[in-house]
Amino acid sequence: MAERVLVTGGAGFIGSHTCVELLAAGWDVAVIDDLSNSSREALRRVEELAGRGLRFVEGDVLDAAALDRAFGDGPCAAVIHFAAKKAVGESCADPLGYYRTNVGGTISLLGAMRRHGVRRLVFSSSATVYGDPAPEACPLAEDAPRLASNPYGQTKRFVEQMLRDLAASEAGWHILSLRYFNPAGAHPSGRIGEDPRGVPENLLPSAMQVAAGRLPELRVFGTDYPTRDGTAIRDYLHVVDVATGHLRALDHLSAVDGCAEYNLGAGRGVTVFEVIEAVRRASGREVPCVLESRRAGDAVAAWADPALAERELGWKAERDLDDICADAWRWQSENPAGYGT
Ligand code: UD1
């Protein structure tokens, strides 16, 4: 019988791509998602891509009864915990909402895991735990200082610490936190992708919407950074690579006695202008830009040293920036209104 994994936030951008890979690898999948920043249609397309069904419970991870329904009656091998809020600006305006959902939601989930006798967890962390690193500190290894500089980043840092404390207090936990750099792109089928509500804040979805003519111009935040072309450097990672990182993490959980953290990054730093060039190549469209001052809270440069994940999880990014842009463009052009919700 196939083993079952519970995916919180499984209808979201990274969650939906991970569900496709889980189903394809033979896992039975249960999803709990409150659909606050995701769509039921994404899961319908996940099932269509995988040619298999999954179990869906609409609900919030803060709701113990909804979590109990999601766990169901049968055995559950592990949990992948994506469900969280993730907008930096919003977290500064509503820190308590972020602590409630991201920290409180994880405490609620851990309680439900205890009730259901599940001690294996993959947690969705972020390179945001490294804050604004000195450019010479890149590539960032897992032991780089964690100096998160906004409430969103703090919630990820606190949850990582909480998981460590839990694993130290009680034998039998197998917990792995994955620190993603900049997940981007879409499934190569063009059927699922990133569908931000309102005007996107992240670079790739913004650039795609400009190329598609849905936004008039791309705002480039900062052209006076001490980098090769004056724009900030990030490590963009194809979302399907992020998804397969979770499969490798599940495979590795038994070997983790307690808690461990791994970077998921491509290990290459790319500037904003280089991304824009790649979007032009992929779309064959112009991307009109306006040059603006730096965005508050942005790091100059952040890219990963992904060696630990390669060595211990047997994972590395297989897709490059052109793959990311080609797949994101397919998603954008074939679904101009996203999931249409
Ligand atoms: C942001 C968040 C980070 C979060 C990640 C994924 C901030 C400060 N950080 O990362 O915590 O984990 O998203 O949700 O918000 N840029 C433009 N024009 C745009 C958008 C972005 O020039 O319209 C630039 C930014 O200034 C940055 C780079 O593009 O230099 C990447 O930005 P973005 O995609 O928002 O990612 P991060 O800032 O790395």
# chains A, B, ... in the order shown; residues from 1 in each chain; ligands from 1

call {"tool": "residues_around", "arguments": {"residues": "Ala2 in chain A", "least_positions_apart": "6", "cutoff": "7 Å", "atoms": "only C-alpha atoms", "output": "VMD selection string"}}
result
chain A and resid 26 to 28

call {"tool": "write_last_selection", "arguments": {"atoms": "all heavy atoms", "output": "mmCIF file, in the first residue's frame"}}
result
data_model
loop_
_atom_site.group_PDB
_atom_site.id
_atom_site.type_symbol
_atom_site.label_atom_id
_atom_site.label_comp_id
_atom_site.auth_asym_id
_atom_site.auth_seq_id
_atom_site.Cartn_x
_atom_site.Cartn_y
_atom_site.Cartn_z
ATOM 1 N N GLY A 26 4.432 8.046 -6.439
ATOM 2 C CA GLY A 26 3.690 6.947 -5.829
ATOM 3 C C GLY A 26 3.153 7.218 -4.434
ATOM 4 O O GLY A 26 2.538 6.341 -3.822
ATOM 5 N N TRP A 27 3.370 8.437 -3.904
ATOM 6 C CA TRP A 27 2.815 8.759 -2.590
ATOM 7 C C TRP A 27 1.307 8.967 -2.692
ATOM 8 O O TRP A 27 0.822 9.489 -3.701
ATOM 9 C CB TRP A 27 3.429 10.057 -2.055
ATOM 10 C CG TRP A 27 4.852 9.944 -1.620
ATOM 11 C CD1 TRP A 27 5.966 10.118 -2.397
ATOM 12 C CD2 TRP A 27 5.317 9.655 -0.301
ATOM 13 N NE1 TRP A 27 7.098 9.953 -1.638
ATOM 14 C CE2 TRP A 27 6.740 9.672 -0.346
ATOM 15 C CE3 TRP A 27 4.684 9.388 0.926
ATOM 16 C CZ2 TRP A 27 7.518 9.418 0.793
ATOM 17 C CZ3 TRP A 27 5.475 9.155 2.045
ATOM 18 C CH2 TRP A 27 6.868 9.155 1.966
ATOM 19 N N ASP A 28 0.573 8.607 -1.641
ATOM 20 C CA ASP A 28 -0.798 9.086 -1.479
ATOM 21 C C ASP A 28 -0.700 10.448 -0.812
ATOM 22 O O ASP A 28 0.110 10.633 0.111
ATOM 23 C CB ASP A 28 -1.592 8.133 -0.572
ATOM 24 C CG ASP A 28 -2.100 6.938 -1.367
ATOM 25 O OD1 ASP A 28 -2.081 7.009 -2.613
ATOM 26 O OD2 ASP A 28 -2.494 5.933 -0.732
#

call {"tool": "residues_around", "arguments": {"residues": "range 283-295 of chain A", "least_positions_apart": "3", "cutoff": "8 Å", "atoms": "only C-alpha atoms", "output": "VMD selection string"}}
result
chain A and resid 207 210 to 212 216 to 223 276 279 to 280 298 326 329

call {"tool": "write_last_selection", "arguments": {"atoms": "N, CA, C and O atoms", "output": "mmCIF file, in the first residue's frame"}}
result
data_model
loop_
_atom_site.group_PDB
_atom_site.id
_atom_site.type_symbol
_atom_site.label_atom_id
_atom_site.label_comp_id
_atom_site.auth_asym_id
_atom_site.auth_seq_id
_atom_site.Cartn_x
_atom_site.Cartn_y
_atom_site.Cartn_z
ATOM 1 N N ALA A 207 7.831 40.620 -13.903
ATOM 2 C CA ALA A 207 8.426 40.741 -15.238
ATOM 3 C C ALA A 207 7.575 40.010 -16.275
ATOM 4 O O ALA A 207 7.390 40.481 -17.401
ATOM 5 N N VAL A 210 4.554 42.078 -17.141
ATOM 6 C CA VAL A 210 4.921 43.204 -18.007
ATOM 7 C C VAL A 210 5.104 42.692 -19.438
ATOM 8 O O VAL A 210 4.573 43.274 -20.395
ATOM 9 N N ALA A 211 5.826 41.575 -19.593
ATOM 10 C CA ALA A 211 6.029 41.011 -20.937
ATOM 11 C C ALA A 211 4.680 40.701 -21.597
ATOM 12 O O ALA A 211 4.503 40.895 -22.801
ATOM 13 N N ALA A 212 3.723 40.248 -20.787
ATOM 14 C CA ALA A 212 2.405 39.887 -21.329
ATOM 15 C C ALA A 212 1.515 41.100 -21.564
ATOM 16 O O ALA A 212 0.418 40.955 -22.107
ATOM 17 N N PRO A 216 2.073 47.735 -17.119
ATOM 18 C CA PRO A 216 2.691 48.609 -18.121
ATOM 19 C C PRO A 216 4.219 48.573 -18.110
ATOM 20 O O PRO A 216 4.850 48.650 -19.167
ATOM 21 N N GLU A 217 4.815 48.492 -16.918
ATOM 22 C CA GLU A 217 6.280 48.538 -16.863
ATOM 23 C C GLU A 217 6.784 47.869 -15.590
ATOM 24 O O GLU A 217 6.069 47.756 -14.608
ATOM 25 N N LEU A 218 8.042 47.458 -15.672
ATOM 26 C CA LEU A 218 8.663 46.806 -14.517
ATOM 27 C C LEU A 218 9.456 47.848 -13.735
ATOM 28 O O LEU A 218 10.300 48.555 -14.299
ATOM 29 N N ARG A 219 9.196 47.898 -12.451
ATOM 30 C CA ARG A 219 9.971 48.807 -11.590
ATOM 31 C C ARG A 219 11.240 48.074 -11.163
ATOM 32 O O ARG A 219 11.166 46.993 -10.576
ATOM 33 N N VAL A 220 12.392 48.657 -11.492
ATOM 34 C CA VAL A 220 13.672 48.056 -11.080
ATOM 35 C C VAL A 220 14.118 48.771 -9.803
ATOM 36 O O VAL A 220 14.418 49.962 -9.822
ATOM 37 N N PHE A 221 14.125 48.010 -8.702
ATOM 38 C CA PHE A 221 14.406 48.628 -7.408
ATOM 39 C C PHE A 221 15.903 48.660 -7.120
ATOM 40 O O PHE A 221 16.457 47.724 -6.551
ATOM 41 N N GLY A 222 16.566 49.760 -7.515
ATOM 42 C CA GLY A 222 17.973 49.940 -7.152
ATOM 43 C C GLY A 222 18.908 49.578 -8.279
ATOM 44 O O GLY A 222 18.945 48.429 -8.731
ATOM 45 N N THR A 223 19.636 50.600 -8.771
ATOM 46 C CA THR A 223 20.621 50.353 -9.834
ATOM 47 C C THR A 223 22.001 50.832 -9.381
ATOM 48 O O THR A 223 22.916 50.943 -10.185
ATOM 49 N N ILE A 276 15.810 40.170 -16.389
ATOM 50 C CA ILE A 276 14.977 40.862 -17.393
ATOM 51 C C ILE A 276 15.385 40.420 -18.806
ATOM 52 O O ILE A 276 14.528 40.161 -19.662
ATOM 53 N N VAL A 279 13.936 37.084 -19.470
ATOM 54 C CA VAL A 279 12.491 37.168 -19.724
ATOM 55 C C VAL A 279 12.249 37.629 -21.164
ATOM 56 O O VAL A 279 11.368 37.104 -21.857
ATOM 57 N N ARG A 280 13.054 38.569 -21.644
ATOM 58 C CA ARG A 280 12.927 39.008 -23.060
ATOM 59 C C ARG A 280 13.189 37.837 -24.005
ATOM 60 O O ARG A 280 12.454 37.623 -24.959
ATOM 61 N N ASP A 298 15.729 45.301 1.171
ATOM 62 C CA ASP A 298 16.314 44.375 0.200
ATOM 63 C C ASP A 298 17.813 44.172 0.442
ATOM 64 O O ASP A 298 18.541 45.127 0.700
ATOM 65 N N ALA A 326 11.326 30.222 -19.562
ATOM 66 C CA ALA A 326 10.520 29.581 -20.614
ATOM 67 C C ALA A 326 9.246 28.987 -20.003
ATOM 68 O O ALA A 326 8.144 29.152 -20.545
ATOM 69 N N TRP A 329 6.895 31.718 -18.747
ATOM 70 C CA TRP A 329 6.231 32.385 -19.871
ATOM 71 C C TRP A 329 5.102 31.522 -20.434
ATOM 72 O O TRP A 329 4.023 32.011 -20.770
#

call {"tool": "closest_residue", "arguments": {"among": "A:Glu312, A:Asp327, A:Asp322, A:Glu58", "to": "Glu261 in chain A", "atoms": "only C-alpha atoms"}}
result
A:Glu312

call {"tool": "residues_near_ligand", "arguments": {"ligand": "ligand 1", "cutoff": "9 Å", "atoms": "only C-alpha atoms and all ligand atoms", "output": "ChimeraX atom specification"}}
result
/A:86-89,125-129,131,148-150,152-153,180-184,200-207,218-223,231-236,271-273,275,291-292,294-302

call {"tool": "atom_distance", "arguments": {"atom1": "CA of Asp68 in chain A", "atom2": "CA of Ile175 in chain A"}}
result
20.4 Å

call {"tool": "atom_distance", "arguments": {"atom1": "CA of Gly104 in chain A", "atom2": "CA of His174 in chain A"}}
result
20.3 Å

call {"tool": "closest_residue", "arguments": {"among": "A:Leu35, A:Leu253, A:Ala328, A:Met208", "to": "His238 in chain A", "atoms": "only C-alpha atoms"}}
result
A:Ala328

call {"tool": "select_by_dssp", "arguments": {"residues": "range 65-281 of chain A", "states": "helix (DSSP H, G or I)", "output": "ChimeraX atom specification"}}
result
/A:65-71,88-93,95-115,127-130,135-137,151-169,203-211,239-255,272-281

call {"tool": "write_last_selection", "arguments": {"atoms": "C-alpha atoms", "output": "compact mmCIF listing (two decimals), in the first residue's frame"}}
result
# COMPACT_ATOMS: atom_id res chain seq x y z
CA ALA A 65 -10.58 19.87 14.04
CA ALA A 66 -9.70 20.62 10.40
CA LEU A 67 -6.21 19.22 10.97
CA ASP A 68 -7.69 16.06 12.49
CA ARG A 69 -9.91 15.66 9.42
CA ALA A 70 -6.87 16.11 7.17
CA PHE A 71 -4.89 13.43 9.01
CA VAL A 88 7.59 40.88 3.78
CA GLY A 89 5.79 44.25 3.54
CA GLU A 90 2.54 42.83 4.92
CA SER A 91 4.47 41.24 7.79
CA CYS A 92 5.79 44.66 8.83
CA ALA A 93 2.23 46.07 8.83
CA PRO A 95 3.38 41.28 12.62
CA LEU A 96 0.91 39.57 14.97
CA GLY A 97 -1.00 38.10 12.03
CA TYR A 98 2.31 36.65 10.80
CA TYR A 99 3.30 35.25 14.18
CA ARG A 100 -0.21 33.81 14.61
CA THR A 101 -0.27 32.00 11.26
CA ASN A 102 3.37 31.06 10.83
CA VAL A 103 4.44 30.33 14.42
CA GLY A 104 1.01 29.57 15.95
CA GLY A 105 0.04 27.50 12.90
CA THR A 106 3.17 25.36 13.27
CA ILE A 107 2.50 24.82 17.00
CA SER A 108 -1.04 23.76 16.13
CA LEU A 109 0.27 21.36 13.46
CA LEU A 110 2.86 19.85 15.82
CA GLY A 111 0.07 19.22 18.35
CA ALA A 112 -1.96 17.41 15.70
CA MET A 113 1.12 15.39 14.65
CA ARG A 114 1.48 14.26 18.27
CA ARG A 115 -2.21 13.29 18.43
CA ALA A 127 16.85 32.06 2.84
CA THR A 128 15.21 35.08 4.42
CA VAL A 129 16.58 33.70 7.72
CA TYR A 130 20.00 34.99 6.57
CA PRO A 135 28.00 40.30 -0.30
CA GLU A 136 31.37 38.72 0.51
CA ALA A 137 29.53 36.18 2.72
CA PRO A 151 8.75 39.87 10.97
CA TYR A 152 8.23 37.38 8.12
CA GLY A 153 11.88 36.32 8.31
CA GLN A 154 11.69 36.14 12.10
CA THR A 155 8.76 33.73 11.94
CA LYS A 156 10.87 31.34 9.84
CA ARG A 157 13.83 31.73 12.21
CA PHE A 158 11.64 31.16 15.30
CA VAL A 159 9.98 28.08 13.83
CA GLU A 160 13.38 26.57 12.95
CA GLN A 161 14.49 27.18 16.56
CA MET A 162 11.23 25.82 17.95
CA LEU A 163 11.66 22.62 15.89
CA ARG A 164 15.21 22.23 17.22
CA ASP A 165 14.01 22.69 20.80
CA LEU A 166 11.20 20.18 20.29
CA ALA A 167 13.52 17.57 18.78
CA ALA A 168 15.96 18.06 21.68
CA SER A 169 13.21 17.65 24.27
CA LEU A 203 10.52 39.93 -9.64
CA LEU A 204 9.71 37.00 -11.94
CA PRO A 205 5.90 37.20 -11.83
CA SER A 206 6.11 40.99 -12.22
CA ALA A 207 8.43 40.74 -15.24
CA MET A 208 6.16 38.10 -16.82
CA GLN A 209 3.07 40.28 -16.41
CA VAL A 210 4.92 43.20 -18.01
CA ALA A 211 6.03 41.01 -20.94
CA VAL A 239 9.94 25.44 -8.70
CA VAL A 240 10.08 21.84 -10.02
CA ASP A 241 13.60 21.60 -8.56
CA VAL A 242 12.20 22.92 -5.27
CA ALA A 243 9.49 20.24 -5.47
CA THR A 244 11.97 17.41 -6.06
CA GLY A 245 13.99 18.76 -3.12
CA HIS A 246 11.02 17.81 -0.93
CA LEU A 247 11.01 14.25 -2.28
CA ARG A 248 14.70 13.89 -1.49
CA ALA A 249 14.04 15.40 1.96
CA LEU A 250 11.32 12.80 2.65
CA ASP A 251 13.70 10.03 1.58
CA HIS A 252 16.34 11.42 3.95
CA LEU A 253 14.13 11.91 7.05
CA SER A 254 14.97 8.54 8.63
CA ALA A 255 18.64 9.50 8.62
CA VAL A 272 17.85 41.88 -11.85
CA PHE A 273 18.97 43.05 -15.31
CA GLU A 274 20.09 39.50 -16.18
CA VAL A 275 16.63 38.22 -15.21
CA ILE A 276 14.98 40.86 -17.39
CA GLU A 277 17.18 39.83 -20.34
CA ALA A 278 16.19 36.19 -19.82
CA VAL A 279 12.49 37.17 -19.72
CA ARG A 280 12.93 39.01 -23.06
CA ARG A 281 14.59 35.94 -24.59

call {"tool": "decode", "arguments": {"residues": "range 158-169 of chain A", "atoms": "all heavy atoms", "output": "tab-separated table (two decimals), in the first residue's frame"}}
result
chain	number	residue	atom	x	y	z
A	158	PHE	N	12.20	31.67	14.04
A	158	PHE	CA	11.64	31.16	15.30
A	158	PHE	C	11.15	29.73	15.14
A	158	PHE	O	11.34	28.89	16.02
A	158	PHE	CB	10.47	32.04	15.77
A	158	PHE	CG	10.87	33.42	16.24
A	158	PHE	CD1	9.91	34.37	16.53
A	158	PHE	CD2	12.20	33.76	16.40
A	158	PHE	CE1	10.26	35.64	16.96
A	158	PHE	CE2	12.57	35.03	16.82
A	158	PHE	CZ	11.59	35.98	17.10
A	159	VAL	N	10.49	29.44	14.02
A	159	VAL	CA	9.98	28.08	13.83
A	159	VAL	C	11.16	27.10	13.74
A	159	VAL	O	11.12	26.03	14.36
A	159	VAL	CB	9.05	27.97	12.60
A	159	VAL	CG1	8.74	26.50	12.29
A	159	VAL	CG2	7.75	28.73	12.85
A	160	GLU	N	12.20	27.46	13.00
A	160	GLU	CA	13.38	26.57	12.95
A	160	GLU	C	13.88	26.29	14.37
A	160	GLU	O	14.19	25.15	14.72
A	160	GLU	CB	14.51	27.21	12.13
A	160	GLU	CG	14.32	27.12	10.63
A	160	GLU	CD	15.62	27.47	9.88
A	160	GLU	OE1	16.68	27.65	10.54
A	160	GLU	OE2	15.58	27.55	8.63
A	161	GLN	N	13.97	27.34	15.19
A	161	GLN	CA	14.49	27.18	16.56
A	161	GLN	C	13.55	26.32	17.38
A	161	GLN	O	13.98	25.44	18.13
A	161	GLN	CB	14.68	28.56	17.20
A	161	GLN	CG	15.31	28.50	18.58
A	161	GLN	CD	16.69	27.83	18.55
A	161	GLN	OE1	17.53	28.16	17.71
A	161	GLN	NE2	16.90	26.87	19.44
A	162	MET	N	12.23	26.58	17.21
A	162	MET	CA	11.23	25.82	17.95
A	162	MET	C	11.34	24.32	17.61
A	162	MET	O	11.25	23.47	18.49
A	162	MET	CB	9.87	26.35	17.49
A	162	MET	CG	8.75	26.19	18.42
A	162	MET	SD	7.38	27.21	17.78
A	162	MET	CE	6.81	26.22	16.41
A	163	LEU	N	11.56	24.02	16.33
A	163	LEU	CA	11.66	22.62	15.89
A	163	LEU	C	12.89	21.98	16.51
A	163	LEU	O	12.87	20.82	16.94
A	163	LEU	CB	11.69	22.54	14.37
A	163	LEU	CG	10.40	23.02	13.67
A	163	LEU	CD1	10.59	23.07	12.15
A	163	LEU	CD2	9.22	22.11	14.02
A	164	ARG	N	13.99	22.75	16.57
A	164	ARG	CA	15.21	22.23	17.22
A	164	ARG	C	14.95	21.93	18.69
A	164	ARG	O	15.36	20.90	19.21
A	164	ARG	CB	16.34	23.27	17.13
A	164	ARG	CG	16.99	23.34	15.80
A	164	ARG	CD	18.52	23.54	15.87
A	164	ARG	NE	19.07	22.95	14.66
A	164	ARG	CZ	19.76	21.83	14.62
A	164	ARG	NH1	20.04	21.17	15.73
A	164	ARG	NH2	20.18	21.35	13.48
A	165	ASP	N	14.28	22.87	19.37
A	165	ASP	CA	14.01	22.69	20.80
A	165	ASP	C	13.11	21.48	21.02
A	165	ASP	O	13.33	20.70	21.95
A	165	ASP	CB	13.35	23.95	21.38
A	165	ASP	CG	14.30	25.15	21.38
A	165	ASP	OD1	15.53	24.94	21.26
A	165	ASP	OD2	13.81	26.29	21.47
A	166	LEU	N	12.11	21.32	20.17
A	166	LEU	CA	11.20	20.18	20.29
A	166	LEU	C	11.97	18.87	20.12
A	166	LEU	O	11.84	17.94	20.93
A	166	LEU	CB	10.09	20.29	19.24
A	166	LEU	CG	9.18	19.07	19.12
A	166	LEU	CD1	8.35	18.88	20.40
A	166	LEU	CD2	8.25	19.20	17.91
A	167	ALA	N	12.80	18.81	19.05
A	167	ALA	CA	13.52	17.57	18.78
A	167	ALA	C	14.51	17.25	19.90
A	167	ALA	O	14.78	16.08	20.17
A	167	ALA	CB	14.24	17.68	17.43
A	168	ALA	N	15.02	18.30	20.57
A	168	ALA	CA	15.96	18.06	21.68
A	168	ALA	C	15.23	17.59	22.93
A	168	ALA	O	15.81	16.94	23.80
A	168	ALA	CB	16.75	19.34	21.98
A	169	SER	N	13.94	17.94	23.03
A	169	SER	CA	13.21	17.65	24.27
A	169	SER	C	12.62	16.24	24.28
A	169	SER	O	12.19	15.76	25.32
A	169	SER	CB	12.06	18.66	24.42
A	169	SER	OG	11.03	18.36	23.50
